[in-house]
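Asks: Pasting a structure below so you can have a look.
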Amino acid sequence: MTTVDGPPVYNPLDPTYMADPYPHFGEMRDGDPVHLSLIDLWVLFRHDDVFRLLRDPSLSVQDDNIEVRDEERYAELVDAAGGELERSTSMLNTDPPDHTRLRRLVSKAFTPAAIQALRPRIQQLVDDALDAMAARGSGDVVTELAFPLPFDVISEMLGMPESDKEQIAAWSGTLVKSLDPMISADIFTEIVAASDAMNAHIDEVVAWKRGHPADDLMTAMIAAEEDGDRLSSIELRDQIALLFVAGHETTVNLIGTGIYDLLRHPDQAAILRDDPSLDATAIDELLRFVSPVQFSRRITLADIEFGGTTIPKGMFVLAGLASANHDPAKWGPTADELDVRREGAGQHLSFGSGAHYCLGASLAKLEAQIAIGTFLRRFPDASVAGDPEWNGRINLRGLEHLPVTLGG
Ligand code: HEM
């Protein structure tokens, strides 16, 4: 936070930000809740403003509707991308009517029954990961459990062939940096290269899958593409990329930071450990407290007013999900406390709201419930061993490493 004279300036590059952004959000909510940043993007920090922004159908998610931006910075990014910025046709970046069509096609596979059917497989993956850690009496919660679990689950759901996991994970880790509010031209060049490589890889996988149909999500989506013009081949590729990346780069933060926060709050860990009936509420509370995706975004198609400030047409607006999740005006004086019994915890905005509400919400909750619940009950004496390492991402904020000893 940089305060000269006048309103505070939102500065996610502040050295204290990564370990704890919440005091920064608090200052912004109090001092400048509808904030125009130095790079011509707006940021909303208050719960009620964020909620309204997300649910307003008159707003867009398509970058081509941005009319006002920091032109110098934009020119640098276009240059870094090799002269052209291509918009992904994933549903996350698409307005109706295309959004409605894309979401309907993909959501057929995300029925509650289909998700619940994954329960035994998720439990098995968790047990295998925890067996390996138990044998050593210690481990890294992120690299051994929080990352591989959602990565394997979404790979298996899609029916991705066994391939170079490390390479794919590296591309994906670079790609998600594009969600951060501030990126340098150098990082942007890396993001474009990773995106090209990932797209080429998915094209190859789709070509392979056409010859190897199976009972999986990718085969179902290919059938939709082949069945007339409901899904073009670029749309097919972009939905697969979205599901794959959104399927693991977010849930890793819920499981990794969630376990860290429980280990830092042993009283809350004990309450949850002793009462499995709290599992669902506790996962919602961890979603609120951790906020694995800290921001979403919309683009204004007309002037719009928040708390007396007018945001003009054609602006990029960040919705501060994490800030909304810690706003005392919504959550009361305990907003910054972890309370696994919190009433109404499910009203958090971690999955967004409105037409783009997270399609994988029930899958993410199931994975987290099994991973966190099993870890907690199997290792009641676990504790953090050494300094956890943050991943350096402003939006998909989470841990890169969480060393633990398992005790007992
Ligand atoms: C803890 C884990 C997760 C979090 C915090 C999360 C969060 C979000 C958020 C904030 C949005 C955008 C909402 C908006 O702008 O209104 C979103 C959209 C989406 N998420 Fe998730 N997500 C998670 C896990 C997953 C998983 C496991 C999958 C799929 C397997 C998934 C697939 C999607 C898709 C497809 C969309 C786009 C929906 C649309 O545009 O209609 N997410 N998610």
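By convention here, the chains of the structure tokens are called A, B, ... in the order presented, each chain's residues are numbered starting at 1, and ligands are numbered starting at 1 in the order presented.
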Show which residues sit within 12 Å of Glu204 of chain A, as a list in words. Count only C-alpha atoms, and ignore same-chain residues fewer than 6 positions away.
Replies: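 Listed by chain and then number, they are Met160, Pro161, Ser163, Ala197, Met198, Arg210, Gly211 and Arg237 of chain A.
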Asks: Residues as selected, N, CA and C atoms, written as a JSON list (two decimals), in the first residue's frame, can you do that?
Replies:
[["chain", "number", "residue", "atom", "x", "y", "z"],
["A", 160, "MET", "N", -7.05, -37.18, -20.98],
["A", 160, "MET", "CA", -5.75, -36.79, -21.56],
["A", 160, "MET", "C", -4.85, -38.03, -21.58],
["A", 161, "PRO", "N", -4.10, -38.24, -22.67],
["A", 161, "PRO", "CA", -3.18, -39.38, -22.67],
["A", 161, "PRO", "C", -2.02, -39.12, -21.71],
["A", 163, "SER", "N", 1.31, -38.12, -20.74],
["A", 163, "SER", "CA", 2.37, -37.43, -21.48],
["A", 163, "SER", "C", 3.22, -36.67, -20.49],
["A", 197, "ALA", "N", 2.32, -23.11, -27.22],
["A", 197, "ALA", "CA", 2.76, -24.50, -27.03],
["A", 197, "ALA", "C", 1.61, -25.35, -26.49],
["A", 198, "MET", "N", 0.86, -24.80, -25.55],
["A", 198, "MET", "CA", -0.27, -25.55, -24.96],
["A", 198, "MET", "C", -1.34, -25.81, -26.04],
["A", 210, "ARG", "N", -9.51, -38.41, -31.46],
["A", 210, "ARG", "CA", -10.49, -38.76, -32.51],
["A", 210, "ARG", "C", -10.35, -40.24, -32.90],
["A", 211, "GLY", "N", -9.11, -40.73, -32.85],
["A", 211, "GLY", "CA", -8.88, -42.15, -33.19],
["A", 211, "GLY", "C", -9.01, -43.06, -31.97],
["A", 237, "ARG", "N", -10.88, -26.59, -28.75],
["A", 237, "ARG", "CA", -9.55, -26.49, -28.16],
["A", 237, "ARG", "C", -9.56, -25.53, -26.96]]
Asks: Could you go through segment 347-400 of chain A and tell me which residues DSSP, when run on the backbone, assigns to alpha helix (DSSP H), listing them as an MDAnalysis selection string?
Replies: chainID A and resid 361:378
Asks: Hey, which residues sit close to ligand 1? Say within 6 Å, counting only C-alpha atoms and all ligand atoms, and write them as an mmCIF file with C-alpha atoms, in the first residue's frame.
Replies:
data_model
loop_
_atom_site.group_PDB
_atom_site.id
_atom_site.type_symbol
_atom_site.label_atom_id
_atom_site.label_comp_id
_atom_site.auth_asym_id
_atom_site.auth_seq_id
_atom_site.Cartn_x
_atom_site.Cartn_y
_atom_site.Cartn_z
ATOM 1 C CA LEU A 54 -20.467 -10.044 -11.226
ATOM 2 C CA MET A 91 -16.582 -19.594 -22.182
ATOM 3 C CA LEU A 92 -14.833 -17.559 -19.495
ATOM 4 C CA ARG A 103 -21.539 -23.567 -21.261
ATOM 5 C CA ILE A 154 -9.019 -33.240 -14.483
ATOM 6 C CA LEU A 243 -11.130 -26.892 -18.193
ATOM 7 C CA ALA A 246 -9.063 -24.009 -14.345
ATOM 8 C CA GLY A 247 -9.389 -27.591 -13.146
ATOM 9 C CA THR A 250 -7.215 -23.068 -8.627
ATOM 10 C CA THR A 251 -7.950 -26.135 -6.505
ATOM 11 C CA LEU A 254 -7.618 -24.255 -1.854
ATOM 12 C CA PRO A 292 -7.928 -19.266 -4.232
ATOM 13 C CA VAL A 293 -8.857 -16.925 -7.122
ATOM 14 C CA SER A 296 -12.429 -11.883 -11.555
ATOM 15 C CA SER A 350 -14.712 -17.409 -4.430
ATOM 16 C CA PHE A 351 -16.466 -19.082 -7.358
ATOM 17 C CA GLY A 352 -17.738 -15.768 -8.709
ATOM 18 C CA SER A 353 -21.456 -15.237 -9.238
ATOM 19 C CA GLY A 354 -23.955 -14.871 -12.046
ATOM 20 C CA ALA A 355 -23.707 -16.349 -15.541
ATOM 21 C CA HIS A 356 -19.989 -17.228 -15.259
ATOM 22 C CA TYR A 357 -20.271 -18.889 -11.820
ATOM 23 C CA CYS A 358 -17.574 -21.556 -11.651
ATOM 24 C CA LEU A 359 -18.619 -24.661 -13.550
ATOM 25 C CA GLY A 360 -16.245 -26.836 -11.511
ATOM 26 C CA ALA A 361 -17.380 -25.653 -8.053
ATOM 27 C CA LEU A 363 -15.774 -30.883 -8.192
ATOM 28 C CA ALA A 364 -13.359 -28.508 -6.432
#
Asks: What does the structure give for the distance between atom CA of Trp390 of chain A and atom CA of Leu179 of chain A, in Å to one decimal?
Replies: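 Atom-to-atom, atom CA of Trp390 of chain A to atom CA of Leu179 of chain A, that is 16.7 Å.
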Asks: Measure the distance from atom CA of Ser277 of chain A to atom CA of Lys365 of chain A in Å and round it to one decimal.
Replies: 14.7 Å
Asks: So that I can see what lies close to Val290 of chain A, please list as a VMD selection string the residues with an atom at most 10 Å from it, counting only C-alpha atoms and leaving out residues fewer than 4 positions away in the same chain.
Replies: chain A and resid 253 to 258 260 to 261 284 to 286 294 322 325 to 326 338 350 397 to 398
Asks: Quick one: residues within 9 Å of Pro33 of chain A, only C-alpha atoms counted, chain neighbours fewer than 6 positions away excluded, as a list of chain:residue names?
Replies: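 Here the qualifying residues turn out to be A:Phe25, A:Glu27, A:Val43, A:Leu44, A:Phe45, A:Arg46, A:Asp49, A:Gly307.
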Asks: Quick one: residues within 6 Å of Phe295 of chain A, only C-alpha atoms, excluding same-chain residues fewer than 2 positions away - as a count of residues only?
Replies: 5
Asks: Please compute the atom CA of Asp267 of chain A-atom CA of Ala371 of chain A distance, one decimal, in Å.
Replies: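 These atoms are spaced 19.3 Å apart.
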Asks: From the options A:Val142, A:Ile168, A:Ile122, A:Leu36, which residue's atoms come nearest to Pro388 of chain A, counting only C-alpha atoms?
Replies: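 Among the listed residues, A:Val142 lies closest to Pro388 of chain A.
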Asks: Which of these residues is nearest to Met221 of chain A, using only C-alpha atoms: A:Ser138, A:Ser58, A:Thr189, A:Gln239?
Replies: A:Gln239
Asks: Give me the residues within 9 Å of Phe244 of chain A as a list in words, counting only C-alpha atoms and dropping any in the same chain fewer than 3 places off.
Replies: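 After dropping sequence-adjacent residues, the list is Phe151, Ile154, Ser155, Leu158, Ser172, Gln239, Ile240, Ala241, Gly247, His248 and Glu249 of chain A.
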Asks: Using only C-alpha atoms for the distances, tell me which of A:Pro112, A:Gly139, A:Gly392, A:Pro328 is nearest to Val404 of chain A.
Replies: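 Using only C-alpha atoms, the shortest distance to Val404 of chain A belongs to A:Gly139.
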Asks: Using backbone DSSP assignments, extract all strand (DSSP E or B) residues from segment 136-299 of chain A; output them as a PDB file with N, CA and C atoms, in the first residue's frame.
Replies:
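And here's out-v6.pdb as it stands now:
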ATOM      1  N   SER A 138       7.159 -37.156   6.795  1.00  0.00           N
ATOM      2  CA  SER A 138       7.180 -35.732   6.448  1.00  0.00           C
ATOM      3  C   SER A 138       6.880 -35.602   4.953  1.00  0.00           C
ATOM      4  N   GLY A 139       6.708 -34.389   4.495  1.00  0.00           N
ATOM      5  CA  GLY A 139       6.466 -34.219   3.060  1.00  0.00           C
ATOM      6  C   GLY A 139       6.179 -32.771   2.720  1.00  0.00           C
ATOM      7  N   ASP A 140       5.851 -32.575   1.453  1.00  0.00           N
ATOM      8  CA  ASP A 140       5.493 -31.234   0.972  1.00  0.00           C
ATOM      9  C   ASP A 140       4.031 -31.316   0.517  1.00  0.00           C
ATOM     10  N   PHE A 295      -9.292 -12.487  -7.873  1.00  0.00           N
ATOM     11  CA  PHE A 295      -9.996 -11.492  -8.694  1.00  0.00           C
ATOM     12  C   PHE A 295     -10.724 -12.156  -9.850  1.00  0.00           C
ATOM     13  N   SER A 296     -11.861 -11.575 -10.241  1.00  0.00           N
ATOM     14  CA  SER A 296     -12.429 -11.883 -11.555  1.00  0.00           C
ATOM     15  C   SER A 296     -12.494 -10.547 -12.294  1.00  0.00           C
ATOM     16  N   ARG A 297     -13.147 -10.503 -13.436  1.00  0.00           N
ATOM     17  CA  ARG A 297     -13.169  -9.208 -14.141  1.00  0.00           C
ATOM     18  C   ARG A 297     -14.350  -9.094 -15.075  1.00  0.00           C
ATOM     19  N   ARG A 298     -14.726  -7.847 -15.372  1.00  0.00           N
ATOM     20  CA  ARG A 298     -15.770  -7.555 -16.353  1.00  0.00           C
ATOM     21  C   ARG A 298     -15.348  -6.319 -17.130  1.00  0.00           C
ATOM     22  N   ILE A 299     -15.974  -6.094 -18.291  1.00  0.00           N
ATOM     23  CA  ILE A 299     -15.711  -4.888 -19.075  1.00  0.00           C
ATOM     24  C   ILE A 299     -17.027  -4.128 -19.221  1.00  0.00           C
TER      25      ILE A 299
END
Asks: Tell me which protein, DNA and RNA residues are within 9 Å of Leu59 of chain A, counting only C-alpha atoms, leaving out same-chain ones fewer than 3 positions away, and put them as a list in words.
Replies: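 After dropping sequence-adjacent residues, the list is Leu53, Leu54, Arg55, Asp56, Asp95, Arg298, Ile299, Thr300, Leu301 and Ala302 of chain A.
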Asks: Mind dumping the selected residues with C-alpha atoms as a PDB file, in the first residue's frame?
Replies:
ATOM      1  CA  LEU A  53     -20.648  -6.259 -10.839  1.00  0.00           C
ATOM      2  CA  LEU A  54     -20.467 -10.044 -11.226  1.00  0.00           C
ATOM      3  CA  ARG A  55     -24.222 -10.446 -11.570  1.00  0.00           C
ATOM      4  CA  ASP A  56     -24.893  -7.545 -13.938  1.00  0.00           C
ATOM      5  CA  ASP A  95     -20.529 -13.239 -23.841  1.00  0.00           C
ATOM      6  CA  ARG A 298     -15.770  -7.555 -16.353  1.00  0.00           C
ATOM      7  CA  ILE A 299     -15.711  -4.888 -19.075  1.00  0.00           C
ATOM      8  CA  THR A 300     -18.233  -2.047 -18.972  1.00  0.00           C
ATOM      9  CA  LEU A 301     -20.402  -1.539 -22.066  1.00  0.00           C
ATOM     10  CA  ALA A 302     -22.001   1.640 -20.668  1.00  0.00           C
TER      11      ALA A 302
END
Asks: Which residue out of A:Leu406, A:Phe289, A:Trp331, A:Lys313 has the minimum interatomic distance to Pro21 of chain A when only C-alpha atoms are used?
Replies: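 Of A:Leu406, A:Phe289, A:Trp331, A:Lys313, the one nearest Pro21 of chain A, counting only C-alpha atoms, is A:Phe289.
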Asks: Here is a test: counting only C-alpha atoms, which residue of A:Glu337, A:Arg377, A:Tyr10, A:His201 is nearest to Gln167 of chain A?
Replies: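 Once distances to Gln167 of chain A are computed over only C-alpha atoms, the minimum belongs to A:His201.
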